[in-house]
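Participant: Below is target-v6.csv; it holds CSV, C-alpha atoms.
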chain,number,residue,atom,x,y,z
C,266,MET,CA,-52.9,285.2,77.7
C,267,PRO,CA,-53.3,284.1,81.3
C,268,PHE,CA,-50.2,283.5,83.4
C,269,ILE,CA,-49.3,279.8,83.8
C,270,PRO,CA,-46.7,278.9,86.5
C,271,LEU,CA,-43.4,277.4,85.2
C,272,GLN,CA,-43.8,274.3,87.3
C,273,ARG,CA,-47.2,273.5,85.8
C,274,LEU,CA,-45.7,274.0,82.2
C,275,LYS,CA,-42.9,271.6,83.0
C,276,ALA,CA,-45.3,269.0,84.4
C,277,ARG,CA,-47.5,269.3,81.3
C,278,ALA,CA,-44.5,269.0,79.0
C,279,SER,CA,-43.3,265.9,80.9
C,280,ARG,CA,-46.7,264.3,80.4
C,281,LEU,CA,-46.7,265.0,76.7
C,282,SER,CA,-43.0,264.2,76.0
C,283,PRO,CA,-42.1,260.9,74.4
C,284,ALA,CA,-38.9,261.0,76.3
C,285,ARG,CA,-40.8,260.5,79.5
C,286,ARG,CA,-42.5,257.5,78.1
C,287,LEU,CA,-39.1,256.1,77.1
C,288,SER,CA,-37.2,257.2,80.2
C,289,PRO,CA,-35.1,254.5,82.0
C,290,ALA,CA,-37.6,254.4,84.9
C,291,ARG,CA,-40.3,253.5,82.4
C,292,ARG,CA,-38.5,251.1,80.1
C,293,LEU,CA,-39.3,247.5,80.5
C,294,SER,CA,-36.6,244.8,80.9
C,295,PRO,CA,-36.7,241.8,78.5
C,296,ALA,CA,-38.1,239.7,81.3
C,297,GLN,CA,-40.8,242.3,81.9
C,298,ARG,CA,-41.6,242.5,78.2
C,299,LEU,CA,-41.8,238.7,78.1
C,300,SER,CA,-44.2,238.7,81.1
C,301,THR,CA,-46.3,241.4,79.5
C,302,ASP,CA,-46.5,239.5,76.2
C,303,ALA,CA,-47.4,236.4,78.1
C,304,SER,CA,-50.2,238.2,80.0
C,305,VAL,CA,-51.6,239.5,76.7
C,306,SER,CA,-51.5,236.0,75.2
C,307,VAL,CA,-53.2,234.5,78.3
C,308,ALA,CA,-55.9,237.2,78.0
C,309,SER,CA,-56.4,236.4,74.3
C,310,ALA,CA,-56.6,232.7,75.1
C,311,VAL,CA,-59.2,233.3,77.8
C,312,SER,CA,-61.3,235.4,75.5
C,313,VAL,CA,-61.1,232.8,72.8
C,314,ALA,CA,-61.9,230.0,75.3
C,315,SER,CA,-64.9,231.9,76.5
C,316,LEU,CA,-66.2,232.0,72.9
C,317,ARG,CA,-65.7,228.3,72.3
C,318,PRO,CA,-69.0,227.2,73.8
C,319,LEU,CA,-70.9,229.7,71.7
C,320,LEU,CA,-69.0,228.8,68.5
C,321,ALA,CA,-69.6,225.1,69.2
C,322,SER,CA,-73.3,225.7,69.8
C,323,LEU,CA,-73.7,227.7,66.6
C,324,ALA,CA,-71.7,225.2,64.6
C,325,LEU,CA,-74.0,222.4,65.8
C,326,GLY,CA,-77.0,224.7,65.1
C,327,VAL,CA,-76.0,225.3,61.5
C,328,VAL,CA,-75.7,221.5,60.9
C,329,GLY,CA,-79.0,220.8,62.6
C,330,GLY,CA,-80.8,223.7,60.9
C,331,TRP,CA,-79.6,222.5,57.5
C,332,LEU,CA,-80.7,218.9,58.1
C,333,PHE,CA,-84.2,220.0,59.3
C,334,GLN,CA,-84.5,222.4,56.3
C,335,LEU,CA,-84.2,219.4,54.0
C,336,THR,CA,-87.4,218.1,55.4
C,337,GLY,CA,-89.3,221.2,54.7
C,338,MET,CA,-90.5,221.5,58.3
C,339,PRO,CA,-91.5,225.0,59.6
C,340,LEU,CA,-89.1,226.6,62.0
C,341,ALA,CA,-86.4,224.3,60.7
C,342,TRP,CA,-83.7,226.9,61.7
C,343,MET,CA,-85.0,226.8,65.3
C,344,LEU,CA,-85.9,223.2,65.7
C,345,GLY,CA,-82.7,221.9,64.1
C,346,PRO,CA,-80.3,223.9,66.3
C,347,LEU,CA,-82.5,223.1,69.3
C,348,VAL,CA,-82.3,219.3,68.8
C,349,ALA,CA,-78.6,219.4,67.8
C,350,ASN,CA,-77.7,221.4,70.9
C,351,LEU,CA,-79.8,219.2,73.1
C,352,LEU,CA,-78.0,216.1,71.9
C,353,GLY,CA,-74.7,217.8,72.2
C,354,ALA,CA,-75.4,218.9,75.8
C,355,MET,CA,-76.5,215.3,76.7
C,356,ALA,CA,-73.2,214.1,75.2
C,357,GLY,CA,-71.2,216.4,77.5
C,358,LEU,CA,-70.1,219.0,75.0
C,359,ARG,CA,-69.4,222.5,76.3
C,360,LEU,CA,-72.1,224.6,74.7
C,361,GLY,CA,-73.8,227.9,75.5
C,362,VAL,CA,-75.3,231.1,74.2
C,363,PRO,CA,-74.7,234.2,76.3
C,364,ASP,CA,-77.8,235.8,77.7
C,365,ARG,CA,-77.0,239.1,76.1
C,366,LEU,CA,-76.9,237.5,72.6
C,367,ARG,CA,-80.1,235.6,73.3
C,368,ASN,CA,-81.9,238.8,74.5
C,369,LEU,CA,-80.7,240.7,71.5
C,370,PHE,CA,-82.4,238.3,69.1
C,371,LEU,CA,-85.5,238.1,71.3
C,372,GLY,CA,-85.5,241.9,70.8
C,373,VAL,CA,-85.4,241.3,67.0
C,374,LEU,CA,-88.4,239.0,67.4
C,375,GLY,CA,-90.2,241.7,69.3
C,376,LEU,CA,-89.6,244.2,66.6
C,377,THR,CA,-90.9,241.7,64.0
C,378,LEU,CA,-94.1,241.1,66.0
C,379,GLY,CA,-94.7,244.8,66.7
C,380,ALA,CA,-94.4,245.7,63.1
C,381,ARG,CA,-97.3,243.4,62.2
C,382,VAL,CA,-99.8,245.4,64.2
C,383,SER,CA,-102.2,247.5,62.2
C,384,PRO,CA,-105.0,249.9,63.1
C,385,GLU,CA,-107.5,247.3,62.0
C,386,LEU,CA,-106.0,244.8,64.4
C,387,VAL,CA,-106.1,247.2,67.3
C,388,SER,CA,-109.8,247.8,66.7
C,389,HIS,CA,-110.3,244.0,67.4
C,390,LEU,CA,-108.7,244.0,70.8
C,391,SER,CA,-112.0,244.8,72.6
C,392,SER,CA,-113.6,241.7,71.1
C,393,TRP,CA,-111.0,239.4,72.6
C,394,TRP,CA,-112.3,239.6,76.2
C,395,LEU,CA,-114.0,236.2,76.0
C,396,SER,CA,-110.9,234.4,74.7
C,397,ALA,CA,-108.9,236.2,77.5
C,398,LEU,CA,-111.2,234.8,80.1
C,399,LEU,CA,-111.1,231.3,78.6
C,400,LEU,CA,-107.3,231.5,78.5
C,401,LEU,CA,-107.1,232.3,82.2
C,402,ALA,CA,-109.6,229.5,83.1
C,403,GLY,CA,-107.6,227.1,81.0
C,404,VAL,CA,-104.3,228.0,82.7
C,405,TRP,CA,-105.9,227.4,86.1
C,406,ALA,CA,-107.4,224.0,85.0
C,407,SER,CA,-104.1,222.9,83.4
C,408,THR,CA,-102.1,223.9,86.5
C,409,LEU,CA,-104.4,221.8,88.7
C,410,ALA,CA,-104.2,218.8,86.5
C,411,CYS,CA,-100.4,218.9,86.1
C,412,ALA,CA,-99.8,219.5,89.8
C,413,ALA,CA,-101.9,216.4,90.6
C,414,TRP,CA,-99.7,214.4,88.2
C,415,TYR,CA,-96.4,215.7,89.6
C,416,ARG,CA,-97.7,214.8,93.1
C,417,ARG,CA,-98.2,211.2,91.9
C,418,CYS,CA,-94.5,211.4,90.7
C,419,GLY,CA,-93.3,212.1,94.2
C,420,PHE,CA,-93.0,215.9,94.0
C,421,ASP,CA,-93.7,217.9,97.2
C,422,VAL,CA,-96.7,220.2,97.1
C,423,THR,CA,-94.7,223.4,96.4
C,424,SER,CA,-92.5,221.9,93.7
C,425,ALA,CA,-95.5,220.3,92.0
C,426,TRP,CA,-97.4,223.6,91.8
C,427,PHE,CA,-94.5,225.7,90.7
C,428,SER,CA,-93.5,223.0,88.1
C,429,SER,CA,-97.1,223.0,86.7
C,430,VAL,CA,-97.7,226.7,86.1
C,431,PRO,CA,-97.3,227.3,82.3
C,432,GLY,CA,-95.1,230.3,82.2
C,433,ALA,CA,-92.7,232.7,83.9
C,434,LEU,CA,-90.0,230.0,84.1
C,435,THR,CA,-87.3,232.0,85.9
C,436,ALA,CA,-89.7,233.5,88.5
C,437,MET,CA,-91.2,230.1,89.2
C,438,VAL,CA,-87.8,228.6,90.0
C,439,VAL,CA,-86.6,231.6,92.2
C,440,ILE,CA,-89.9,232.0,94.2
C,441,GLY,CA,-90.4,228.2,94.4
C,442,GLU,CA,-87.0,227.8,96.0
C,443,ARG,CA,-87.6,230.6,98.5
C,444,ILE,CA,-90.7,229.0,99.9
C,445,GLY,CA,-89.2,225.5,100.2
C,446,GLY,CA,-89.6,223.9,96.8
C,447,ASP,CA,-86.9,221.9,95.0
C,448,PRO,CA,-85.3,224.4,92.5
C,449,GLN,CA,-83.7,221.7,90.3
C,450,ARG,CA,-87.0,219.8,89.9
C,451,ILE,CA,-88.9,223.0,89.1
C,452,ALA,CA,-86.3,224.3,86.7
C,453,VAL,CA,-86.0,221.0,84.8
C,454,ALA,CA,-89.8,220.5,84.6
C,455,GLN,CA,-90.4,224.0,83.4
C,456,SER,CA,-87.6,223.9,80.9
C,457,LEU,CA,-88.7,220.6,79.5
C,458,ARG,CA,-92.3,221.9,79.2
C,459,VAL,CA,-91.0,224.7,76.9
C,460,LEU,CA,-88.7,222.3,75.0
C,461,LEU,CA,-91.4,219.6,74.4
C,462,VAL,CA,-94.0,222.1,73.3
C,463,ILE,CA,-91.6,223.5,70.8
C,464,MET,CA,-90.7,220.1,69.5
C,465,ILE,CA,-94.3,218.8,69.3
C,466,LEU,CA,-96.2,221.7,67.8
C,467,PRO,CA,-94.3,222.6,64.6
C,468,PRO,CA,-94.3,219.0,63.3
C,469,LEU,CA,-97.9,218.7,64.4
C,470,TYR,CA,-98.9,221.8,62.4
C,471,TRP,CA,-96.8,220.5,59.5
C,472,VAL,CA,-98.3,217.0,59.4
C,473,LEU,CA,-101.9,218.0,60.0
C,474,GLU,CA,-103.7,219.7,57.2
C,475,GLY,CA,-105.7,222.9,57.9
C,476,ALA,CA,-103.1,225.3,59.1
C,477,SER,CA,-104.2,228.8,58.3
C,478,GLY,CA,-100.9,229.9,56.6
C,479,THR,CA,-97.9,228.5,54.9
C,480,PRO,CA,-94.4,228.3,56.4
C,481,GLY,CA,-92.1,231.1,56.0
C,482,ILE,CA,-91.2,234.4,57.7
C,483,GLY,CA,-90.7,237.6,55.8
C,484,ARG,CA,-91.1,236.1,52.4
C,485,ASP,CA,-91.7,238.5,49.6
C,486,VAL,CA,-91.7,241.5,51.9
C,487,ALA,CA,-89.5,244.5,51.3
C,488,VAL,CA,-86.6,244.9,53.8
C,489,SER,CA,-87.0,248.1,56.0
C,490,GLY,CA,-86.3,249.6,59.4
C,491,LEU,CA,-83.1,247.6,60.1
C,492,TRP,CA,-81.7,250.6,61.9
C,493,LEU,CA,-84.1,249.7,64.8
C,494,ILE,CA,-81.7,246.9,65.8
C,495,ALA,CA,-79.1,249.5,66.7
C,496,VAL,CA,-81.6,250.8,69.3
C,497,LEU,CA,-81.8,247.5,71.2
C,498,PRO,CA,-78.6,247.8,73.2
C,499,ILE,CA,-80.0,250.9,74.8
C,500,LEU,CA,-83.7,249.9,74.9
C,501,LEU,CA,-83.3,246.5,76.6
C,502,PRO,CA,-81.3,247.6,79.7
C,503,LEU,CA,-83.7,250.5,80.1
C,504,ALA,CA,-86.7,248.2,79.9
C,505,ARG,CA,-85.2,245.9,82.5
C,506,ARG,CA,-84.5,248.8,84.8
C,507,LEU,CA,-88.2,249.8,84.5
C,508,ARG,CA,-89.1,246.2,85.5
C,509,ILE,CA,-91.1,245.5,82.3
C,510,PRO,CA,-92.0,241.8,82.3
C,511,ASN,CA,-90.2,239.8,79.6
C,512,ALA,CA,-88.4,243.1,78.7
C,513,SER,CA,-86.3,241.6,75.9
C,514,LEU,CA,-89.4,240.8,73.9
C,515,LEU,CA,-92.0,243.2,75.1
C,516,ALA,CA,-90.1,246.5,75.0
C,517,PRO,CA,-89.0,246.1,71.3
C,518,LEU,CA,-92.5,244.9,70.5
C,519,LEU,CA,-94.1,248.0,71.9
C,520,LEU,CA,-91.6,250.3,70.2
C,521,ALA,CA,-92.2,248.7,66.8
C,522,LEU,CA,-95.9,248.7,67.4
C,523,VAL,CA,-96.0,252.5,68.1
C,524,LEU,CA,-93.7,253.2,65.1
C,525,SER,CA,-95.9,251.0,62.9
C,526,LEU,CA,-99.2,252.5,64.0
C,527,GLY,CA,-97.8,256.0,63.5
C,528,ASP,CA,-96.7,255.0,60.0
C,529,VAL,CA,-93.1,256.1,60.9
C,530,VAL,CA,-91.3,252.9,60.0
C,531,ARG,CA,-92.2,249.2,59.7
C,532,PHE,CA,-89.5,246.8,60.7
C,533,SER,CA,-89.0,244.0,58.2
C,534,PRO,CA,-85.8,241.9,58.3
C,535,PRO,CA,-84.5,239.9,55.3
C,536,VAL,CA,-85.2,236.2,55.1
C,537,TRP,CA,-81.6,235.2,56.1
C,538,GLY,CA,-82.0,237.6,59.1
C,539,THR,CA,-85.0,235.7,60.4
C,540,ASP,CA,-83.2,232.4,59.9
C,541,VAL,CA,-80.2,233.7,62.0
C,542,MET,CA,-82.7,234.8,64.7
C,543,GLN,CA,-84.2,231.3,64.8
C,544,LEU,CA,-80.7,229.7,64.8
C,545,VAL,CA,-79.6,231.7,67.9
C,546,LEU,CA,-82.8,231.2,69.8
C,547,GLY,CA,-82.8,227.4,69.0
C,548,CYS,CA,-79.2,227.0,70.2
C,549,ALA,CA,-80.0,228.9,73.4
C,550,ILE,CA,-82.9,226.6,74.3
C,551,GLY,CA,-81.0,223.4,73.5
C,552,ALA,CA,-77.8,224.4,75.2
C,553,ARG,CA,-79.8,225.2,78.4
C,554,PHE,CA,-79.6,221.4,79.3
C,555,LYS,CA,-75.8,221.3,79.6
C,556,GLY,CA,-74.5,219.5,82.6
C,557,LEU,CA,-77.6,217.4,83.1
C,558,ALA,CA,-76.9,213.7,83.1
C,559,PRO,CA,-78.6,211.9,80.2
C,560,ARG,CA,-80.0,209.3,82.6
C,561,VAL,CA,-81.6,212.0,84.7
C,562,LEU,CA,-82.8,213.9,81.7
C,563,VAL,CA,-84.5,210.9,80.2
C,564,GLY,CA,-86.2,210.0,83.5
C,565,VAL,CA,-87.5,213.5,84.1
C,566,MET,CA,-88.4,213.9,80.4
C,567,GLY,CA,-90.9,211.0,80.8
C,568,GLN,CA,-92.6,212.8,83.7
C,569,SER,CA,-92.6,216.2,82.0
C,570,GLY,CA,-93.7,214.6,78.8
C,571,VAL,CA,-96.9,213.3,80.4
C,572,ALA,CA,-97.4,216.7,82.2
C,573,THR,CA,-97.0,218.5,78.8
C,574,LEU,CA,-99.5,216.2,77.1
C,575,ILE,CA,-102.0,216.8,80.0
C,576,SER,CA,-101.5,220.6,79.7
C,577,LEU,CA,-101.9,220.5,75.9
C,578,SER,CA,-105.1,218.4,76.2
C,579,VAL,CA,-106.7,220.7,78.8
C,580,LEU,CA,-105.8,223.9,77.0
C,581,GLY,CA,-106.9,222.3,73.7
C,582,CYS,CA,-110.4,221.9,75.2
C,583,PHE,CA,-110.5,225.6,76.0
C,584,ALA,CA,-109.1,226.4,72.6
C,585,GLU,CA,-112.0,224.5,71.1
C,586,LEU,CA,-114.4,226.6,73.1
C,587,ILE,CA,-112.8,229.8,71.7
C,588,HIS,CA,-113.2,228.4,68.2
C,589,GLN,CA,-116.9,227.5,68.8
C,590,LEU,CA,-117.9,230.7,70.6
C,591,MET,CA,-115.8,233.2,68.7
C,592,GLY,CA,-115.1,231.7,65.3
C,593,VAL,CA,-111.3,231.9,65.8
C,594,PRO,CA,-109.6,229.2,63.6
C,595,ARG,CA,-108.7,226.1,65.7
C,596,ASP,CA,-105.0,226.3,64.9
C,597,VAL,CA,-104.8,229.9,65.9
C,598,ALA,CA,-106.8,229.4,69.1
C,599,PHE,CA,-104.7,226.3,70.1
C,600,LEU,CA,-101.4,228.1,69.5
C,601,ALA,CA,-102.6,231.1,71.5
C,602,LEU,CA,-103.3,228.9,74.5
C,603,ALA,CA,-100.3,226.4,74.0
C,604,PRO,CA,-98.2,226.2,77.2
C,605,GLY,CA,-95.0,227.2,75.5
C,606,GLY,CA,-92.7,230.3,75.9
C,607,ILE,CA,-94.1,233.5,74.5
C,608,GLY,CA,-91.1,234.0,72.2
C,609,GLU,CA,-91.2,230.6,70.7
C,610,MET,CA,-94.9,230.5,70.2
C,611,ALA,CA,-94.9,234.0,68.7
C,612,LEU,CA,-92.1,232.9,66.3
C,613,LEU,CA,-94.1,229.8,65.3
C,614,ALA,CA,-97.2,232.0,64.7
C,615,VAL,CA,-95.2,234.3,62.5
C,616,ALA,CA,-93.6,231.3,60.6
C,617,LEU,CA,-97.1,229.8,59.9
C,618,ASP,CA,-98.9,233.2,59.5
C,619,LEU,CA,-101.3,232.1,62.3
C,620,ASP,CA,-102.5,235.6,63.4
C,621,PRO,CA,-99.3,236.3,65.4
C,622,ILE,CA,-100.7,239.3,67.2
C,623,PHE,CA,-103.7,237.3,68.5
C,624,VAL,CA,-101.2,234.6,69.7
C,625,ALA,CA,-98.7,237.1,71.2
C,626,PHE,CA,-101.5,239.0,73.0
C,627,HIS,CA,-102.8,235.9,74.8
C,628,HIS,CA,-99.3,234.7,75.7
C,629,LEU,CA,-98.4,238.1,77.0
C,630,LEU,CA,-101.7,238.3,79.0
C,631,ARG,CA,-100.9,234.9,80.6
C,632,LEU,CA,-97.4,236.1,81.5
C,633,ILE,CA,-98.6,239.4,83.1
C,634,VAL,CA,-101.4,237.7,85.1
C,635,LEU,CA,-99.0,235.0,86.3
C,636,MET,CA,-96.5,237.6,87.4
C,637,LEU,CA,-99.3,239.5,89.3
C,638,LEU,CA,-100.5,236.3,91.0
C,639,LEU,CA,-97.1,235.0,91.9
C,640,PRO,CA,-96.8,236.9,95.2
C,641,VAL,CA,-100.3,235.6,96.1
C,642,MET,CA,-99.2,232.0,95.4
C,643,ALA,CA,-95.9,232.5,97.4
C,644,ARG,CA,-97.8,233.9,100.4
C,645,HIS,CA,-100.3,231.0,100.3
C,646,PHE,CA,-97.6,228.4,100.3
C,647,ARG,CA,-95.5,230.2,102.9
C,648,HIS,CA,-98.5,230.3,105.3
C,649,ARG,CA,-99.2,226.6,104.5
C,650,HIS,CA,-95.6,225.7,105.5
C,651,ALA,CA,-96.0,227.8,108.6
C,652,ARG,CA,-99.2,226.0,109.6
C,653,GLU,CA,-97.6,222.6,109.0
C,654,ALA,CA,-94.6,223.5,111.0
C,655,THR,CA,-96.7,224.3,114.1
C,656,LEU,CA,-98.6,221.0,114.0
Could you write out this structure as structure tokens?
Facilitator:
Amino acid sequence: MPFIPLQRLKARASRLSPARRLSPARRLSPAQRLSTDASVSVASAVSVASLRPLLASLALGVVGGWLFQLTGMPLAWMLGPLVANLLGAMAGLRLGVPDRLRNLFLGVLGLTLGARVSPELVSHLSSWWLSALLLLAGVWASTLACAAWYRRCGFDVTSAWFSSVPGALTAMVVIGERIGGDPQRIAVAQSLRVLLVIMILPPLYWVLEGASGTPGIGRDVAVSGLWLIAVLPILLPLARRLRIPNASLLAPLLLALVLSLGDVVRFSPPVWGTDVMQLVLGCAIGARFKGLAPRVLVGVMGQSGVATLISLSVLGCFAELIHQLMGVPRDVAFLALAPGGIGEMALLAVALDLDPIFVAFHHLLRLIVLMLLLPVMARHFRHRHAREATL
């Protein structure tokens, strides 16, 4: 046994001895104990207070989802919570869904989408080049038309353009502000575009006959691969570090896609799990408008409503071209080009069984191309401002 100095043994014993922990120097006076208890109580109160916006948002969402479900509308558990939280936010309630929770459920959506990819679907990717070109042409035409409308509404050139691009909401706000745009106008216009598309399309598909599928996600499918959810807390930060665009959705989608194609495991959540996913995502979208005065929101909603209808009309024409030239069903082509968020449009495609991989592919392509073109747009407007400043 190696020799250990006596002083080191005494020091080790003092660290392990209960007497040291209870020595007079370490004992707390009643006042100190009261102060410590008060600190713990305050910390607990703070943690509970930080949860109140989330709990209020989810409670409103449950009520809204239940009411919308009574109508039989598709995506009831996303639309109901969305509308309920939007109304609550306009009424001044403290609502909110943490980004981490939202991103986690976006990851679950990504797993759901990736699991639907089959070798047969992959073989069709090469035949989608025409629809991809028409998508990009439609995005350009839609942006031009909406920018012209926002200019009529009094937006400056930069704010009008960055408010009109259908996608990459956060990037549009950040880059638009850097080159002289109005960040609040851009943020509200972009957020309302996503909101209005989500609120318009599901009822539209529900009312109009001819949708390719029936509402419902995961009905009559065996539950499997739920352990993949445990991978998300590791996968999502890694994907963001690697600068993968829309990492919360795309990284899990690619993971589930590889595992599904390799016949390793196919992610398939239970019905109630997909309802919870819709609930959280719907609450997150609706609560985003907290702090915005109802009068301001209603005024801007009119401008954004017209811009959204312009965008839907222009992209609808290009969707009709895809239908005529490629034989893709109208409802699938329209949803693939709709100017909504990739997560929400993919969720609607899954709910209605409208070829979700075709839809997700085109929305993902739009996002990637916009992210690649964003530096070019920023450089153009920066040079434009520089030229105007020298005149």
Participant: Tell me, in Å to one decimal, how far CA of Leu460 (chain C) is from CA of Ala549 (chain C).
Facilitator: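 It comes out at 11.0 Å.
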Participant: How many Å separate CA of Gly581 (chain C) from CA of Ala341 (chain C)?
Facilitator: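 Straight-line distance from CA of Gly581 (chain C) to CA of Ala341 (chain C) works out to 24.4 Å.
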Participant: For each of C:Val404, C:Ile444, C:Leu619, C:Ala512, take the minimum atom-to-atom distance to Thr423 (chain C), counting all atoms listed in the file, then give the residue where this is smallest.
Facilitator: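 Looking at the shortest contact to Thr423 (chain C), the residue is C:Ile444.
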Participant: Please report the interatomic distance between CA of Val373 (chain C) and CA of Leu577 (chain C) in Å with one decimal.
Facilitator: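 CA of Val373 (chain C) sits 28.0 Å away from CA of Leu577 (chain C).
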Participant: Within 9 Å of Arg450 (chain C), counting all atoms listed in the file, which residues qualify if same-chain residues fewer than 2 places away don't, as a short mmCIF file (atom, residue, chain, number, x, y, z; two decimals) with C-alpha atoms, in the coordinates of the input?
Facilitator:
data_model
loop_
_atom_site.label_atom_id
_atom_site.label_comp_id
_atom_site.auth_asym_id
_atom_site.auth_seq_id
_atom_site.Cartn_x
_atom_site.Cartn_y
_atom_site.Cartn_z
CA PHE C 420 -93.00 215.90 94.00
CA SER C 424 -92.50 221.90 93.70
CA ALA C 425 -95.50 220.30 92.00
CA SER C 428 -93.50 223.00 88.10
CA VAL C 438 -87.80 228.60 90.00
CA GLY C 446 -89.60 223.90 96.80
CA ASP C 447 -86.90 221.90 95.00
CA PRO C 448 -85.30 224.40 92.50
CA ALA C 452 -86.30 224.30 86.70
CA VAL C 453 -86.00 221.00 84.80
CA ALA C 454 -89.80 220.50 84.60
CA GLN C 455 -90.40 224.00 83.40
CA VAL C 565 -87.50 213.50 84.10
#
Participant: Sort by chain and increasing residue number a table of all residues of region 480-537 of chain C within 9 Å of region 383-392 of chain C, each with its closest pair of atoms and their distance in Å to one decimal, counting only C-alpha atoms, and write it as a tab-separated table.
Facilitator:
residue	atom	partner	partner_atom	distance
C:Leu522	CA	C:Ser383	CA	8.3
C:Ser525	CA	C:Ser383	CA	7.2
C:Leu526	CA	C:Ser383	CA	6.1
Participant: Could the residues in this selection be written to a file with C-alpha atoms, as a PDB file, in the frame of the given file?
Facilitator:
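Saved result, part36.pdb, follows:
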ATOM      1  CA  LEU C 522     -95.900 248.700  67.400  1.00  0.00           C
ATOM      2  CA  SER C 525     -95.900 251.000  62.900  1.00  0.00           C
ATOM      3  CA  LEU C 526     -99.200 252.500  64.000  1.00  0.00           C
TER       4      LEU C 526
END
Participant: Pick out the residues sitting within 7 Å of region 346-359 of chain C, and hand them over as an MDAnalysis selection string; count only C-alpha atoms, and ignore anything fewer than 6 positions along from it in its own chain.
Facilitator: chainID C and resid 318 322 325:327 329:330 544 547:548 550:552 554:559
Participant: List the residues sitting within 12 Å of (-97.9, 211.9, 88.6) in the file's frame, using all atoms listed in the file, as a list in words.
Facilitator: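 Result, sorted by chain then residue number: Leu409, Ala410, Cys411, Ala412, Ala413, Trp414, Tyr415, Arg416, Arg417, Cys418, Gly419, Phe420, Asp421, Val422, Ala425, Ser428, Ser429, Val565, Gly567, Gln568, Ser569, Gly570, Val571, Ala572, Thr573 and Ile575 of chain C.
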